[in-house]
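Asker: My structure is in query_20.pdb, and what it holds is PDB, C-alpha atoms:
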```
MODEL        1
ATOM      1  CA  MET V1070     -17.724 -13.421   3.806  1.00  0.00           C
ATOM      2  CA  LEU V1071     -21.166 -13.128   2.269  1.00  0.00           C
ATOM      3  CA  VAL V1072     -19.657 -13.744  -1.139  1.00  0.00           C
ATOM      4  CA  VAL V1073     -17.976 -16.944   0.023  1.00  0.00           C
ATOM      5  CA  CYS V1074     -21.165 -18.183   1.704  1.00  0.00           C
ATOM      6  CA  GLY V1075     -23.123 -17.601  -1.510  1.00  0.00           C
ATOM      7  CA  LEU V1076     -20.846 -19.895  -3.517  1.00  0.00           C
ATOM      8  CA  LEU V1077     -20.716 -23.670  -3.405  1.00  0.00           C
ATOM      9  CA  THR V1078     -19.455 -24.393   0.079  1.00  0.00           C
ATOM     10  CA  VAL V1079     -18.894 -27.454   2.201  1.00  0.00           C
ATOM     11  CA  PRO V1080     -19.595 -27.175   5.939  1.00  0.00           C
ATOM     12  CA  VAL V1081     -16.774 -28.600   8.052  1.00  0.00           C
ATOM     13  CA  ALA V1082     -17.099 -30.079  11.551  1.00  0.00           C
ATOM     14  CA  CYS V1083     -16.116 -27.681  14.319  1.00  0.00           C
ATOM     15  CA  SER V1084     -16.564 -27.062  18.025  1.00  0.00           C
ATOM     16  CA  GLU V1085     -19.569 -25.373  19.624  1.00  0.00           C
ATOM     17  CA  GLY V1086     -19.952 -21.696  18.664  1.00  0.00           C
ATOM     18  CA  GLU V1087     -17.814 -22.067  15.535  1.00  0.00           C
ATOM     19  CA  ARG V1088     -18.960 -22.338  11.959  1.00  0.00           C
ATOM     20  CA  GLU V1089     -16.538 -23.372   9.230  1.00  0.00           C
ATOM     21  CA  ILE V1090     -16.937 -23.012   5.498  1.00  0.00           C
ATOM     22  CA  GLU V1091     -14.540 -24.509   2.959  1.00  0.00           C
ATOM     23  CA  TYR V1092     -14.268 -23.274  -0.594  1.00  0.00           C
ATOM     24  CA  ASP V1093     -11.576 -24.132  -3.143  1.00  0.00           C
ATOM     25  CA  GLY V1094      -8.922 -24.934  -0.557  1.00  0.00           C
ATOM     26  CA  PHE V1095      -9.683 -21.972   1.746  1.00  0.00           C
ATOM     27  CA  VAL V1096     -11.309 -22.654   5.129  1.00  0.00           C
ATOM     28  CA  LEU V1097     -13.045 -19.773   6.951  1.00  0.00           C
ATOM     29  CA  THR V1098     -14.065 -20.114  10.593  1.00  0.00           C
ATOM     30  CA  GLU V1099     -16.416 -17.720  12.377  1.00  0.00           C
ATOM     31  CA  GLU V1100     -15.401 -17.052  15.981  1.00  0.00           C
ATOM     32  CA  PRO V1101     -12.566 -19.619  16.015  1.00  0.00           C
ATOM     33  CA  SER V1102     -11.632 -20.978  19.431  1.00  0.00           C
ATOM     34  CA  GLU V1103      -7.926 -20.941  18.536  1.00  0.00           C
ATOM     35  CA  ALA V1104      -5.613 -19.425  15.938  1.00  0.00           C
ATOM     36  CA  PRO V1105      -4.563 -21.543  12.953  1.00  0.00           C
ATOM     37  CA  ARG V1106      -1.143 -23.178  13.386  1.00  0.00           C
ATOM     38  CA  VAL V1107       0.303 -21.015  10.602  1.00  0.00           C
ATOM     39  CA  PHE V1108       0.433 -18.082  13.062  1.00  0.00           C
ATOM     40  CA  PRO V1109       3.344 -17.912  15.506  1.00  0.00           C
ATOM     41  CA  PRO V1110       2.282 -18.258  19.151  1.00  0.00           C
ATOM     42  CA  GLY V1111       1.742 -15.063  21.123  1.00  0.00           C
ATOM     43  CA  PHE V1112       0.497 -12.773  18.345  1.00  0.00           C
ATOM     44  CA  ILE V1113      -3.154 -12.737  19.443  1.00  0.00           C
ATOM     45  CA  TYR V1114      -3.821  -9.461  21.267  1.00  0.00           C
ATOM     46  CA  PRO V1115      -4.662 -10.243  24.925  1.00  0.00           C
ATOM     47  CA  GLY V1116      -8.327  -9.852  25.829  1.00  0.00           C
ATOM     48  CA  SER V1117      -9.460  -9.463  22.224  1.00  0.00           C
ATOM     49  CA  LYS V1118     -12.591 -11.144  20.864  1.00  0.00           C
ATOM     50  CA  SER V1119     -12.217 -13.609  18.004  1.00  0.00           C
ATOM     51  CA  VAL V1120     -14.303 -12.736  14.937  1.00  0.00           C
ATOM     52  CA  MET V1121     -12.942 -14.820  12.048  1.00  0.00           C
ATOM     53  CA  GLY V1122     -10.027 -16.992  11.000  1.00  0.00           C
ATOM     54  CA  GLY V1123      -9.049 -18.548   7.731  1.00  0.00           C
ATOM     55  CA  VAL V1124      -6.332 -20.704   6.199  1.00  0.00           C
ATOM     56  CA  TYR V1125      -5.478 -21.597   2.635  1.00  0.00           C
ATOM     57  CA  THR V1126      -4.454 -25.129   1.753  1.00  0.00           C
ATOM     58  CA  ARG V1127      -4.950 -27.185  -1.398  1.00  0.00           C
ATOM     59  CA  SER V1128      -4.886 -30.512   0.412  1.00  0.00           C
ATOM     60  CA  PRO V1129      -5.746 -31.694   3.926  1.00  0.00           C
ATOM     61  CA  TYR V1130      -2.238 -33.203   4.013  1.00  0.00           C
ATOM     62  CA  ALA V1131      -0.425 -30.025   2.932  1.00  0.00           C
ATOM     63  CA  SER V1132       1.230 -27.638   5.331  1.00  0.00           C
ATOM     64  CA  THR V1133      -0.714 -24.388   5.557  1.00  0.00           C
ATOM     65  CA  ARG V1134       1.428 -21.448   4.488  1.00  0.00           C
ATOM     66  CA  GLU V1135      -0.940 -18.500   4.751  1.00  0.00           C
ATOM     67  CA  GLY V1136      -3.788 -17.412   6.942  1.00  0.00           C
ATOM     68  CA  VAL V1137      -5.949 -14.577   8.206  1.00  0.00           C
ATOM     69  CA  LEU V1138      -7.338 -13.716  11.641  1.00  0.00           C
ATOM     70  CA  VAL V1139      -9.756 -10.958  12.625  1.00  0.00           C
ATOM     71  CA  TYR V1140     -10.184  -9.880  16.239  1.00  0.00           C
ATOM     72  CA  GLU V1141     -11.805  -6.948  18.038  1.00  0.00           C
ATOM     73  CA  SER V1142     -10.685  -5.074  21.130  1.00  0.00           C
ATOM     74  CA  GLU V1143     -11.975  -2.161  23.174  1.00  0.00           C
ATOM     75  CA  ASP V1144      -8.410  -1.079  24.043  1.00  0.00           C
ATOM     76  CA  PRO V1145      -7.112   2.182  22.541  1.00  0.00           C
ATOM     77  CA  LEU V1146      -5.435   1.979  19.136  1.00  0.00           C
ATOM     78  CA  PRO V1147      -1.986   3.209  20.380  1.00  0.00           C
ATOM     79  CA  LYS V1148      -1.903   0.493  23.074  1.00  0.00           C
ATOM     80  CA  ILE V1149      -2.602  -2.246  20.516  1.00  0.00           C
ATOM     81  CA  GLN V1150      -0.001  -0.790  18.118  1.00  0.00           C
ATOM     82  CA  ALA V1151       2.626  -0.772  20.899  1.00  0.00           C
ATOM     83  CA  TYR V1152       1.850  -4.430  21.657  1.00  0.00           C
ATOM     84  CA  TYR V1153       2.535  -5.487  18.058  1.00  0.00           C
ATOM     85  CA  LEU V1154       5.680  -3.352  17.757  1.00  0.00           C
ATOM     86  CA  ARG V1155       7.079  -4.981  20.937  1.00  0.00           C
ATOM     87  CA  LYS V1156       6.004  -8.461  19.764  1.00  0.00           C
ATOM     88  CA  PHE V1157       7.712  -8.082  16.370  1.00  0.00           C
ATOM     89  CA  GLU V1158      10.927  -6.868  18.020  1.00  0.00           C
ATOM     90  CA  ALA V1159      10.920  -9.656  20.623  1.00  0.00           C
ATOM     91  CA  MET V1160      10.317 -12.359  17.983  1.00  0.00           C
ATOM     92  CA  GLY V1161      13.009 -11.064  15.595  1.00  0.00           C
ATOM     93  CA  TRP V1162      10.691  -9.753  12.864  1.00  0.00           C
ATOM     94  CA  GLN V1163      11.806  -6.664  10.950  1.00  0.00           C
ATOM     95  CA  ILE V1164       9.166  -4.063  10.080  1.00  0.00           C
ATOM     96  CA  ILE V1165       9.654  -3.364   6.380  1.00  0.00           C
ATOM     97  CA  GLN V1166       6.675  -1.060   5.873  1.00  0.00           C
ATOM     98  CA  SER V1167       4.349   0.942   8.105  1.00  0.00           C
ATOM     99  CA  GLN V1168       1.678   3.525   7.581  1.00  0.00           C
ATOM    100  CA  GLU V1169      -0.548   5.511   9.916  1.00  0.00           C
ATOM    101  CA  ASN V1170      -3.729   7.366   9.044  1.00  0.00           C
ATOM    102  CA  SER V1171      -6.439   8.721  11.291  1.00  0.00           C
ATOM    103  CA  GLY V1172      -7.882   5.667  13.028  1.00  0.00           C
ATOM    104  CA  GLU V1173      -5.842   3.158  10.972  1.00  0.00           C
ATOM    105  CA  ILE V1174      -2.420   1.565  11.313  1.00  0.00           C
ATOM    106  CA  PHE V1175      -0.703  -0.782   8.846  1.00  0.00           C
ATOM    107  CA  LEU V1176       2.413  -2.809   9.729  1.00  0.00           C
ATOM    108  CA  LEU V1177       4.229  -5.237   7.423  1.00  0.00           C
ATOM    109  CA  ALA V1178       7.013  -7.335   8.929  1.00  0.00           C
ATOM    110  CA  GLU V1179       9.332 -10.047   7.601  1.00  0.00           C
ATOM    111  CA  ASN V1180      11.378 -12.664   9.422  1.00  0.00           C
ATOM    112  CA  LEU V1181      14.605 -14.396   8.378  1.00  0.00           C
ATOM    113  CA  SER V1182      12.743 -17.263   6.691  1.00  0.00           C
ATOM    114  CA  ARG V1183      10.959 -14.709   4.450  1.00  0.00           C
ATOM    115  CA  ARG V1184       7.553 -15.011   6.060  1.00  0.00           C
ATOM    116  CA  LEU V1185       5.464 -11.855   5.752  1.00  0.00           C
ATOM    117  CA  PHE V1186       3.200 -10.788   8.615  1.00  0.00           C
ATOM    118  CA  THR V1187       0.717  -7.950   8.118  1.00  0.00           C
ATOM    119  CA  VAL V1188      -1.162  -6.250  10.953  1.00  0.00           C
ATOM    120  CA  ILE V1189      -3.987  -3.845  10.143  1.00  0.00           C
ATOM    121  CA  LEU V1190      -5.556  -1.968  13.042  1.00  0.00           C
ATOM    122  CA  ARG V1191      -8.698   0.050  12.363  1.00  0.00           C
ATOM    123  CA  GLU V1192     -10.986   1.957  14.685  1.00  0.00           C
ATOM    124  CA  THR V1193     -14.461   1.027  13.575  1.00  0.00           C
ATOM    125  CA  GLY V1194     -16.099   3.937  15.362  1.00  0.00           C
ATOM    126  CA  ALA V1195     -18.570   1.423  16.681  1.00  0.00           C
ATOM    127  CA  SER V1196     -20.485   3.964  18.687  1.00  0.00           C
ATOM    128  CA  ALA V1197     -23.250   2.753  16.375  1.00  0.00           C
ATOM    129  CA  PRO V1198     -23.799  -0.957  15.676  1.00  0.00           C
ATOM    130  CA  MET V1199     -21.936  -2.331  12.650  1.00  0.00           C
ATOM    131  CA  GLY V1200     -23.192  -4.665   9.930  1.00  0.00           C
ATOM    132  CA  LEU V1201     -22.408  -6.077   6.488  1.00  0.00           C
ATOM    133  CA  ASP V1202     -24.133  -4.650   3.422  1.00  0.00           C
ATOM    134  CA  ALA V1203     -25.154  -6.723   0.373  1.00  0.00           C
ATOM    135  CA  GLU V1204     -21.588  -6.513  -1.032  1.00  0.00           C
ATOM    136  CA  GLY V1205     -20.054  -7.739   2.240  1.00  0.00           C
ATOM    137  CA  GLU V1206     -18.670  -4.300   3.220  1.00  0.00           C
ATOM    138  CA  LEU V1207     -18.572  -3.276   6.906  1.00  0.00           C
ATOM    139  CA  VAL V1208     -20.977  -0.329   7.434  1.00  0.00           C
ATOM    140  CA  PRO V1209     -22.519   1.405  10.465  1.00  0.00           C
ATOM    141  CA  LEU V1210     -26.185   0.619  10.981  1.00  0.00           C
ATOM    142  CA  SER V1211     -28.340   3.735  11.120  1.00  0.00           C
ATOM    143  CA  ASP V1212     -31.975   4.324  11.832  1.00  0.00           C
ATOM    144  CA  GLY V1213     -32.250   7.721  10.129  1.00  0.00           C
ATOM    145  CA  ALA V1214     -33.277   8.828   6.652  1.00  0.00           C
ATOM    146  CA  ASP V1215     -29.746   8.150   5.355  1.00  0.00           C
ATOM    147  CA  ALA V1216     -30.037   4.396   5.949  1.00  0.00           C
ATOM    148  CA  PRO V1217     -28.831   2.252   3.012  1.00  0.00           C
ATOM    149  CA  LEU V1218     -31.533   0.801   0.765  1.00  0.00           C
ATOM    150  CA  GLN V1219     -30.034  -2.702   0.591  1.00  0.00           C
ATOM    151  CA  PRO V1220     -30.524  -5.169   3.469  1.00  0.00           C
ATOM    152  CA  ILE V1221     -27.923  -5.039   6.237  1.00  0.00           C
ATOM    153  CA  THR V1222     -26.829  -7.989   8.373  1.00  0.00           C
ATOM    154  CA  PRO V1223     -26.131  -6.784  11.954  1.00  0.00           C
ATOM    155  CA  LEU V1224     -22.826  -7.888  13.471  1.00  0.00           C
ATOM    156  CA  ASN V1225     -23.135  -6.609  17.014  1.00  0.00           C
ATOM    157  CA  THR V1226     -26.647  -5.633  18.062  1.00  0.00           C
ATOM    158  CA  GLU V1227     -25.662  -5.274  21.716  1.00  0.00           C
ATOM    159  CA  ASP V1228     -23.408  -2.298  20.810  1.00  0.00           C
ATOM    160  CA  ALA V1229     -26.491  -0.089  20.376  1.00  0.00           C
ATOM    161  CA  GLU V1230     -26.812  -0.126  24.163  1.00  0.00           C
ATOM    162  CA  GLU V1231     -23.364   1.494  24.655  1.00  0.00           C
ATOM    163  CA  PRO V1232     -22.998   4.711  22.631  1.00  0.00           C
ATOM    164  CA  GLY V1233     -19.483   6.150  22.428  1.00  0.00           C
ATOM    165  CA  ARG V1234     -17.732   2.786  22.755  1.00  0.00           C
ATOM    166  CA  GLN V1235     -14.747   2.457  20.364  1.00  0.00           C
ATOM    167  CA  ILE V1236     -13.881  -0.909  18.874  1.00  0.00           C
ATOM    168  CA  VAL V1237     -10.533  -1.586  17.209  1.00  0.00           C
ATOM    169  CA  GLN V1238     -10.590  -4.268  14.544  1.00  0.00           C
ATOM    170  CA  ILE V1239      -7.330  -6.251  14.434  1.00  0.00           C
ATOM    171  CA  LYS V1240      -6.593  -8.042  11.148  1.00  0.00           C
ATOM    172  CA  LEU V1241      -3.607 -10.370  10.958  1.00  0.00           C
ATOM    173  CA  TYR V1242      -2.333 -11.875   7.690  1.00  0.00           C
ATOM    174  CA  ILE V1243       0.614 -14.222   7.315  1.00  0.00           C
ATOM    175  CA  LYS V1244       2.167 -15.638   4.159  1.00  0.00           C
ATOM    176  CA  GLN V1245       5.398 -17.231   3.033  1.00  0.00           C
ATOM    177  CA  ALA V1246       7.025 -14.753   0.617  1.00  0.00           C
ATOM    178  CA  GLY V1247       7.066 -15.958  -2.977  1.00  0.00           C
ATOM    179  CA  LEU V1248       4.520 -18.763  -2.498  1.00  0.00           C
ATOM    180  CA  ARG V1249       0.875 -19.020  -3.432  1.00  0.00           C
TER     181      ARG V1249
ENDMDL
END
```
Show me this structure written as structure tokens.
Answerer:
Amino acid sequence: MLVVCGLLTVPVACSEGEREIEYDGFVLTEEPSEAPRVFPPGFIYPGSKSVMGGVYTRSPYASTREGVLVYESEDPLPKIQAYYLRKFEAMGWQIIQSQENSGEIFLLAENLSRRLFTVILRETGASAPMGLDAEGELVPLSDGADAPLQPITPLNTEDAEEPGRQIVQIKLYIKQAGLR
């Protein structure tokens, strides 16, 4: 997001607590109050905290065909994974690819109209506060000798008060297959 903010951007009107940035047909919203219409209803994990949303559209009159949402939850990773597996099955989406690594889960599903829905779940290990480095990468903030030399932008300063707390980052991507 730091890269996008550094480029020529146009602020867009939004509700209190939100900040929108538009660049070349892509609109990013920090802490959106609702999911973009491109996402099917019911795919937002219950009780999760909204971090970012974005949609791609070349024209304000065009129908948005792809989008991204980022949420955070304190629920355990397996519980969130089970929610999305049940949701895909109930909504008629077929999982066409999945992968599990330590602390990360990737699901790619497709529906009959060839829409692709990707869910990426990642434990951030947020027992330490997280921030963005100069390249926009998510990194843990540290106060020791191993601290990065470049400036860090804190994301969640209140997390320093609660050591041991795990945060799961939920990233949702949707796109119509074969379209840009």
Asker: For a test of reading the model, state the distance in Å between CA of Arg1106 (chain V) and CA of Leu1241 (chain V), rounded to one decimal.
Answerer: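 Separation of CA of Arg1106 (chain V) and CA of Leu1241 (chain V): 13.3 Å.
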Asker: Return as a ChimeraX atom specification the set of residues that the PyMOL selection byres ((chain V and resi 1117) around 6) yields on the displayed structure.
Answerer: /V:1114-1116,1118,1141-1142
Asker: Based on the selection just made, write C-alpha atoms of those residues as a PDB file, in the frame of the given file.
Answerer:
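Writing the result to again.pdb gives the following:
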```
ATOM      1  CA  TYR V1114      -3.821  -9.461  21.267  1.00  0.00           C
ATOM      2  CA  PRO V1115      -4.662 -10.243  24.925  1.00  0.00           C
ATOM      3  CA  GLY V1116      -8.327  -9.852  25.829  1.00  0.00           C
ATOM      4  CA  LYS V1118     -12.591 -11.144  20.864  1.00  0.00           C
ATOM      5  CA  GLU V1141     -11.805  -6.948  18.038  1.00  0.00           C
ATOM      6  CA  SER V1142     -10.685  -5.074  21.130  1.00  0.00           C
TER       7      SER V1142
END
```
Asker: With a distance cut-off of 9 Å and all atoms listed in the file, select the neighbouring residues of Gly1172 (chain V), excluding the residue or stretch itself and same-chain residues fewer than 4 positions from it, and output the selection as a list in words.
Answerer: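 Residues near the query, excluding close chain neighbours: Leu1146, Leu1190, Arg1191, Glu1192, Thr1193, Gly1194 and Val1237 of chain V.
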Asker: If the PyMOL selection byres ((chain V and resi 1183) around 9) were run on this exact file, what residues would it hold? Put them as JSON, numbers by chain.
Answerer: {"V": [1179, 1180, 1181, 1182, 1184, 1185, 1244, 1245, 1246, 1247]}
Asker: Keeping only C-alpha atoms, write the selected residues as a short mmCIF file (atom, residue, chain, number, x, y, z; two decimals), in the coordinates of the input.
Answerer:
```cif
data_model
loop_
_atom_site.label_atom_id
_atom_site.label_comp_id
_atom_site.auth_asym_id
_atom_site.auth_seq_id
_atom_site.Cartn_x
_atom_site.Cartn_y
_atom_site.Cartn_z
CA GLU V 1179 9.33 -10.05 7.60
CA ASN V 1180 11.38 -12.66 9.42
CA LEU V 1181 14.60 -14.40 8.38
CA SER V 1182 12.74 -17.26 6.69
CA ARG V 1184 7.55 -15.01 6.06
CA LEU V 1185 5.46 -11.86 5.75
CA LYS V 1244 2.17 -15.64 4.16
CA GLN V 1245 5.40 -17.23 3.03
CA ALA V 1246 7.02 -14.75 0.62
CA GLY V 1247 7.07 -15.96 -2.98
#
```
Asker: Just to confirm, what's the straight-line distance from CA of Glu1169 (chain V) to CA of Val1124 (chain V) in Å (one decimal)?
Answerer: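 Between these atoms lies a distance of 27.1 Å.
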Asker: By how many Å are CA of Arg1134 (chain V) and CA of Phe1175 (chain V) apart?
Answerer: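 Between CA of Arg1134 (chain V) and CA of Phe1175 (chain V) the gap works out to 21.2 Å.
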Asker: Which residues come within 9 Å of Glu1135 (chain V), counting all atoms listed in the file, excluding same-chain residues fewer than 6 positions away, as a PyMOL selection string?
Answerer: chain V and resi 1107-1108+1123-1126+1242-1245+1249
Asker: With all atoms listed in the file as the atoms that count, which of V:Tyr1140, V:Lys1148, V:Leu1154, V:Phe1186 lies nearest to Ile1239 (chain V)?
Answerer: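 Looking at the shortest contact to Ile1239 (chain V), the residue is V:Tyr1140.
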Asker: Looking at V:Phe1095, V:Ala1104, V:Leu1176, V:Val1139, which one is nearest to Val1120 (chain V), with distances taken over only C-alpha atoms?
Answerer: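 Closest candidate: V:Val1139.
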Asker: Can you work out which one of V:Gln1235, V:Ala1178, V:Tyr1152, V:Gly1094 has the shortest atom-to-atom distance to Ile1164 (chain V), counting all atoms listed in the file?
Answerer: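 Ranking V:Gln1235, V:Ala1178, V:Tyr1152, V:Gly1094 by distance to Ile1164 (chain V), first place goes to V:Ala1178.
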Asker: Could you check which of V:Pro1105, V:Pro1147, V:Gly1111, V:Gly1136 is closest to Lys1240 (chain V), using all atoms listed in the file?
Answerer: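 Closest candidate: V:Gly1136.
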Asker: Restricting the calculation to only C-alpha atoms, which member of V:Gly1122, V:Pro1109, V:Glu1091, V:Ile1149 is positioned closest to Gly1161 (chain V)?
Answerer: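 The answer is V:Pro1109, which sits nearest to Gly1161 (chain V).
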